[in-house]
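Only one structure is covered here, and it is reproduced in the block below.
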Amino acid sequence: MSLRLAAPCAAVWLATATPGWAFVAYVSNEKGNTVTVIETDSWTVTKTIKVGQRPRGIEFSRDGKFVMVAVGDDDTIQVIDTAKQEVVDTLPSGPDPELFTQDAAGKTLYVANENDNTVTIIDLEKRAQIGDVQVGVEPEGMTVSPDGKILICTSETTNMAHFIDTGTRQIVANVLVDARPRFAEFKRDQSELWVSSEIGGTVSIIDPAKHVVTGKVNFAIPGLRNEAIQPVGIGMTKDGKTAFVALGPANRVAVVDGTSHQVKKYLLVGQRVWHMAFTPDEKYLMVTNGVSNDVSVIDVAAEKVIKTIQVGELPWGITIAKP
C-alpha cells in the first residue's frame, strides 16, 4: 500500500443519491478505541471502525484515500483505507503520538510524541521515519505555516510554541504562552498564529515573523468559574474573519472576531468539547464532545448549533474529506 498522494480533486467526495456531494467525517473515540464514520448529507453514522488503543489525532491524507489516526497507547499511526473503511497499514512514530500535521504536498508527516518530548518526521511515501526534533516537555499542538517553511509544535509543560524550520529541522524560535498550550492554528495569510492554552484559559495571538505575542483572546461566561473555561481546539475560516474555539468543560464553543480578537458569542454544545473540523465548503463546523459521547454540528453562517450526533466513547479528534 502506498501513501503517494495525487493532487486534491473533487473525486474524494462521495456522491449521494440526491444532487450535490456528501462530505465524510471520521471521529476518533479515545476510550472506545474506534473511529466513527459520519456522512454529512444525512448527518448519520455509517460505520464504526475498530482501531488501536487510545486514538486521538486524526487526519485525511491529501488525496482523501486514507485517514491516519494516532493510537497513543500502541505507539504508532494507523492508516485507514477510506474505500475499504478498515485499517490497512501502520506508520512509525515515537511513544504516545498525539497530534500530527502534514506538509502541503502530503509527502511528510510531523508527529508530536508526548512521552519523549520529540517531533517525529515520517516520509509518507516510504512509510519510514526520516528524522526527529527535540522540543519541550509534552509536545502536542502541531501545524505547518501556509508557505510550508515553518512547523509549529506546542509543548504543554514547557508552555511554549516552538518554531521549527522545515528545511533545516532546527528550532528557530521559542515563544512563551500561557499554561498548557494544546493547539495551534495559522491564519491563511500567515499574519497571525493562534495558540490555545488550556489551563491559562486564553488564546495567544503570535506574530509569526517577529515571534512575539501581540495579543490574547480572553473568555468569560456568566455563571462559570474561570477554571472551567479551558480552550483547546481552534477552527479558523479561510478568510480569517472568524475563529471558533472549543472551551472544554465549559461545554461551549466561542465565536471570535478574527480581526478584533473579541468574543462575539458562545455556543452551547455537548460536554467536554475537544476538537473540530469544517466541511470543505465551510458551511458547517463539527465539534467533538468527549464526556457526552457526541458530535455537535454548527451552522457557520448562522453561528448556531443545528444537530447532535451520537458517536463512540470519548470522542476526541475529527477530520473531514476535503476537495
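Labels for the C-alpha cells follow display order: chains A, B, ..., residues from 1 in each chain, ligands from 1.
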Determine, for each residue of stretch 14-54 of chain A having at least one atom at most 9 Å from an atom of stretch 69-87 of chain A, the closest pair of atoms and their separation in Å to one decimal, counting only C-alpha atoms; order by chain and ascending number, as a Markdown table.
| residue | atom | partner | partner_atom | distance |
| --- | --- | --- | --- | --- |
| A:Ser28 | CA | A:Val69 | CA | 7.5 |
| A:Glu30 | CA | A:Val71 | CA | 8.6 |
| A:Asn33 | CA | A:Val71 | CA | 8.4 |
| A:Val35 | CA | A:Val69 | CA | 8.7 |
| A:Val37 | CA | A:Gln85 | CA | 8.7 |
| A:Lys47 | CA | A:Gln85 | CA | 8.0 |
| A:Thr48 | CA | A:Gln85 | CA | 8.9 |
| A:Ile49 | CA | A:Glu86 | CA | 6.3 |
| A:Lys50 | CA | A:Glu86 | CA | 7.9 |
| A:Val51 | CA | A:Val87 | CA | 7.1 |
| A:Gly52 | CA | A:Val71 | CA | 5.5 |
| A:Gln53 | CA | A:Asp73 | CA | 5.2 |
| A:Arg54 | CA | A:Val71 | CA | 5.2 |
Dump all heavy atoms for the selected residues as a compact mmCIF listing (two decimals), in the first residue's frame?
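Output contents, as saved in out.txt:
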# COMPACT_ATOMS: atom_id res chain seq x y z
N SER A 28 -12.30 10.15 16.00
CA SER A 28 -11.55 9.22 16.84
C SER A 28 -12.15 9.20 18.24
O SER A 28 -12.37 10.24 18.86
CB SER A 28 -10.07 9.63 16.92
OG SER A 28 -9.92 10.93 17.45
N GLU A 30 -11.46 8.16 21.84
CA GLU A 30 -10.26 7.87 22.63
C GLU A 30 -10.41 6.67 23.55
O GLU A 30 -9.51 5.83 23.67
CB GLU A 30 -9.88 9.11 23.45
CG GLU A 30 -8.62 8.95 24.27
CD GLU A 30 -8.25 10.20 25.05
OE1 GLU A 30 -9.06 11.16 25.06
OE2 GLU A 30 -7.16 10.21 25.65
N ASN A 33 -11.65 3.13 21.51
CA ASN A 33 -10.72 2.51 20.58
C ASN A 33 -11.38 2.23 19.22
O ASN A 33 -11.20 1.17 18.62
CB ASN A 33 -10.13 1.22 21.15
CG ASN A 33 -9.33 1.48 22.42
OD1 ASN A 33 -8.77 2.57 22.61
ND2 ASN A 33 -9.30 0.51 23.31
N VAL A 35 -13.10 4.39 15.48
CA VAL A 35 -13.29 5.59 14.67
C VAL A 35 -14.70 5.52 14.09
O VAL A 35 -15.08 4.51 13.48
CB VAL A 35 -12.24 5.69 13.54
CG1 VAL A 35 -12.62 6.76 12.52
CG2 VAL A 35 -10.86 5.98 14.11
N VAL A 37 -17.58 6.84 11.49
CA VAL A 37 -17.70 7.46 10.17
C VAL A 37 -19.08 8.11 10.07
O VAL A 37 -20.11 7.45 10.33
CB VAL A 37 -17.51 6.43 9.04
CG1 VAL A 37 -17.55 7.11 7.68
CG2 VAL A 37 -16.19 5.69 9.22
N LYS A 47 -20.60 3.86 9.81
CA LYS A 47 -19.68 2.75 10.11
C LYS A 47 -18.92 3.08 11.40
O LYS A 47 -18.67 4.24 11.71
CB LYS A 47 -18.68 2.58 8.97
CG LYS A 47 -17.64 1.49 9.18
CD LYS A 47 -17.75 0.37 8.18
CE LYS A 47 -16.71 -0.70 8.43
NZ LYS A 47 -16.66 -1.70 7.37
N THR A 48 -18.55 2.03 12.11
CA THR A 48 -17.65 2.15 13.26
C THR A 48 -16.46 1.23 12.99
O THR A 48 -16.64 0.03 12.76
CB THR A 48 -18.34 1.76 14.57
OG1 THR A 48 -19.45 2.63 14.79
CG2 THR A 48 -17.38 1.87 15.74
N ILE A 49 -15.26 1.80 12.99
CA ILE A 49 -14.05 1.06 12.63
C ILE A 49 -13.22 0.81 13.90
O ILE A 49 -12.90 1.74 14.64
CB ILE A 49 -13.20 1.85 11.61
CG1 ILE A 49 -14.03 2.17 10.36
CG2 ILE A 49 -11.93 1.09 11.26
CD1 ILE A 49 -13.37 3.16 9.42
N LYS A 50 -12.89 -0.42 14.15
CA LYS A 50 -12.05 -0.77 15.29
C LYS A 50 -10.60 -0.40 14.98
O LYS A 50 -10.07 -0.75 13.92
CB LYS A 50 -12.15 -2.27 15.59
CG LYS A 50 -11.42 -2.70 16.85
CD LYS A 50 -12.08 -2.14 18.09
CE LYS A 50 -11.35 -2.62 19.36
NZ LYS A 50 -11.92 -1.97 20.58
N VAL A 51 -9.97 0.33 15.91
CA VAL A 51 -8.57 0.71 15.74
C VAL A 51 -7.80 0.34 17.00
O VAL A 51 -8.31 -0.36 17.87
CB VAL A 51 -8.43 2.22 15.42
CG1 VAL A 51 -9.05 2.54 14.07
CG2 VAL A 51 -9.05 3.08 16.52
N GLY A 52 -6.57 0.82 17.10
CA GLY A 52 -5.73 0.52 18.26
C GLY A 52 -6.15 1.28 19.50
O GLY A 52 -7.22 1.89 19.55
N GLN A 53 -5.27 1.27 20.49
CA GLN A 53 -5.61 1.80 21.80
C GLN A 53 -5.36 3.30 21.90
O GLN A 53 -4.32 3.79 21.55
CB GLN A 53 -4.80 1.08 22.87
CG GLN A 53 -5.05 -0.42 22.92
CD GLN A 53 -4.20 -1.09 23.98
OE1 GLN A 53 -4.48 -0.99 25.17
NE2 GLN A 53 -3.14 -1.75 23.55
N ARG A 54 -6.35 4.00 22.37
CA ARG A 54 -6.35 5.44 22.63
C ARG A 54 -6.12 6.28 21.37
O ARG A 54 -5.14 7.01 21.25
CB ARG A 54 -5.31 5.79 23.70
CG ARG A 54 -5.65 7.11 24.39
CD ARG A 54 -4.62 7.52 25.42
NE ARG A 54 -5.03 8.74 26.06
CZ ARG A 54 -4.23 9.52 26.79
NH1 ARG A 54 -2.99 9.18 26.98
NH2 ARG A 54 -4.69 10.62 27.34
Problem - For atom CA of A:Ile298 and atom CA of A:Met286, the interatomic separation in Å (one decimal) - result: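 Between atom CA of A:Ile298 and atom CA of A:Met286 the gap is 6.2 Å.
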Problem - Residue contacts of stretch 255-264 of chain A (9 Å, only C-alpha atoms) excluding same-chain residues fewer than 2 positions away, as an MDAnalysis selection string - result: chainID A and resid 187 205 215:219 236:237 240:245 253 266:267 303
Handout entry: Among listed residues A:Ile130, A:Glu227, A:Trp43, A:Cys153, nearest A:Tyr284 (using only C-alpha atoms)
Key =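 Ranking A:Ile130, A:Glu227, A:Trp43, A:Cys153 by distance to A:Tyr284, first place goes to A:Trp43.
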Handout entry: Shell of 6 Å around A:Glu192, only C-alpha atoms, local chain residues under 6 positions omitted, as a list in words
Key = Phe186, Ile206 and Asp207 of chain A
Problem - Secondary structure check, strand (DSSP E) residues of stretch 68-128 of chain A, as a PyMOL selection string - result: chain A and resi 68-71+76-81+86-92+97-102+108-113+118-123+128
Practice task
Do a neighbour search on A:Val135 at 9 Å with only C-alpha atoms, toss out local chain neighbours closer than 4 positions, and write the hits as a list in words.
Solution key: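 Using only C-alpha atoms, the neighbours found are Asn117, Thr118, Val119, Pro139, Cys153, Thr154, Ser155, His162 and Ile171 of chain A.
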Mind dumping the selected residues with N, CA, C and O atoms as a PDB file, in the first residue's frame?
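What follows is the written file part37.pdb:
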ATOM      1  N   ASN A 117       9.163  13.857  24.296  1.00  0.00           N
ATOM      2  CA  ASN A 117       9.455  15.261  24.001  1.00  0.00           C
ATOM      3  C   ASN A 117      10.090  15.445  22.626  1.00  0.00           C
ATOM      4  O   ASN A 117      11.028  16.226  22.446  1.00  0.00           O
ATOM      5  N   THR A 118       9.534  14.737  21.654  1.00  0.00           N
ATOM      6  CA  THR A 118      10.123  14.703  20.320  1.00  0.00           C
ATOM      7  C   THR A 118       9.046  14.851  19.241  1.00  0.00           C
ATOM      8  O   THR A 118       7.936  14.348  19.382  1.00  0.00           O
ATOM      9  N   VAL A 119       9.407  15.538  18.160  1.00  0.00           N
ATOM     10  CA  VAL A 119       8.601  15.531  16.938  1.00  0.00           C
ATOM     11  C   VAL A 119       9.250  14.541  15.983  1.00  0.00           C
ATOM     12  O   VAL A 119      10.430  14.684  15.619  1.00  0.00           O
ATOM     13  N   PRO A 139       4.958  17.582  24.045  1.00  0.00           N
ATOM     14  CA  PRO A 139       4.518  18.234  22.807  1.00  0.00           C
ATOM     15  C   PRO A 139       3.132  17.763  22.392  1.00  0.00           C
ATOM     16  O   PRO A 139       2.771  16.608  22.602  1.00  0.00           O
ATOM     17  N   CYS A 153       5.175  23.501  16.935  1.00  0.00           N
ATOM     18  CA  CYS A 153       4.859  22.470  17.921  1.00  0.00           C
ATOM     19  C   CYS A 153       4.672  23.166  19.265  1.00  0.00           C
ATOM     20  O   CYS A 153       5.520  23.968  19.667  1.00  0.00           O
ATOM     21  N   THR A 154       3.568  22.888  19.956  1.00  0.00           N
ATOM     22  CA  THR A 154       3.378  23.439  21.295  1.00  0.00           C
ATOM     23  C   THR A 154       3.735  22.383  22.329  1.00  0.00           C
ATOM     24  O   THR A 154       3.431  21.208  22.154  1.00  0.00           O
ATOM     25  N   SER A 155       4.381  22.802  23.403  1.00  0.00           N
ATOM     26  CA  SER A 155       4.725  21.868  24.478  1.00  0.00           C
ATOM     27  C   SER A 155       3.935  22.247  25.725  1.00  0.00           C
ATOM     28  O   SER A 155       4.046  23.357  26.241  1.00  0.00           O
ATOM     29  N   HIS A 162       7.003  26.237  19.722  1.00  0.00           N
ATOM     30  CA  HIS A 162       8.318  26.110  19.084  1.00  0.00           C
ATOM     31  C   HIS A 162       8.178  26.331  17.585  1.00  0.00           C
ATOM     32  O   HIS A 162       7.322  25.707  16.940  1.00  0.00           O
ATOM     33  N   ILE A 171      15.053  24.282  15.553  1.00  0.00           N
ATOM     34  CA  ILE A 171      14.202  25.275  16.201  1.00  0.00           C
ATOM     35  C   ILE A 171      14.806  26.657  16.001  1.00  0.00           C
ATOM     36  O   ILE A 171      15.982  26.877  16.299  1.00  0.00           O
TER      37      ILE A 171
END
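Shortest separation to A:Glu140 among A:Ala105, A:Gly233, A:Gly201, A:Asp189 occurs at residue A:Gly233, atoms counted being only C-alpha atoms.
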Exercise for the section: Pick out the residues sitting within 6 Å of A:Arg272, and hand them over as JSON, numbers by chain; count only C-alpha atoms, and ignore anything fewer than 6 positions along from it in its own chain. Expected result: {"A": [248, 249, 251, 289, 290, 291]}
Practice task
Tell me which of A:Leu247, A:Ile152, A:Ala220, A:Val45 sits closest to A:Ile199, counting only C-alpha atoms.
Solution key: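 Distance minimum relative to A:Ile199 lands on A:Leu247.
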Completion exercise
Closest of A:Thr44, A:Thr90, A:Asn113, A:Thr279 to A:Gly57, counting only C-alpha atoms, is A:Asn113
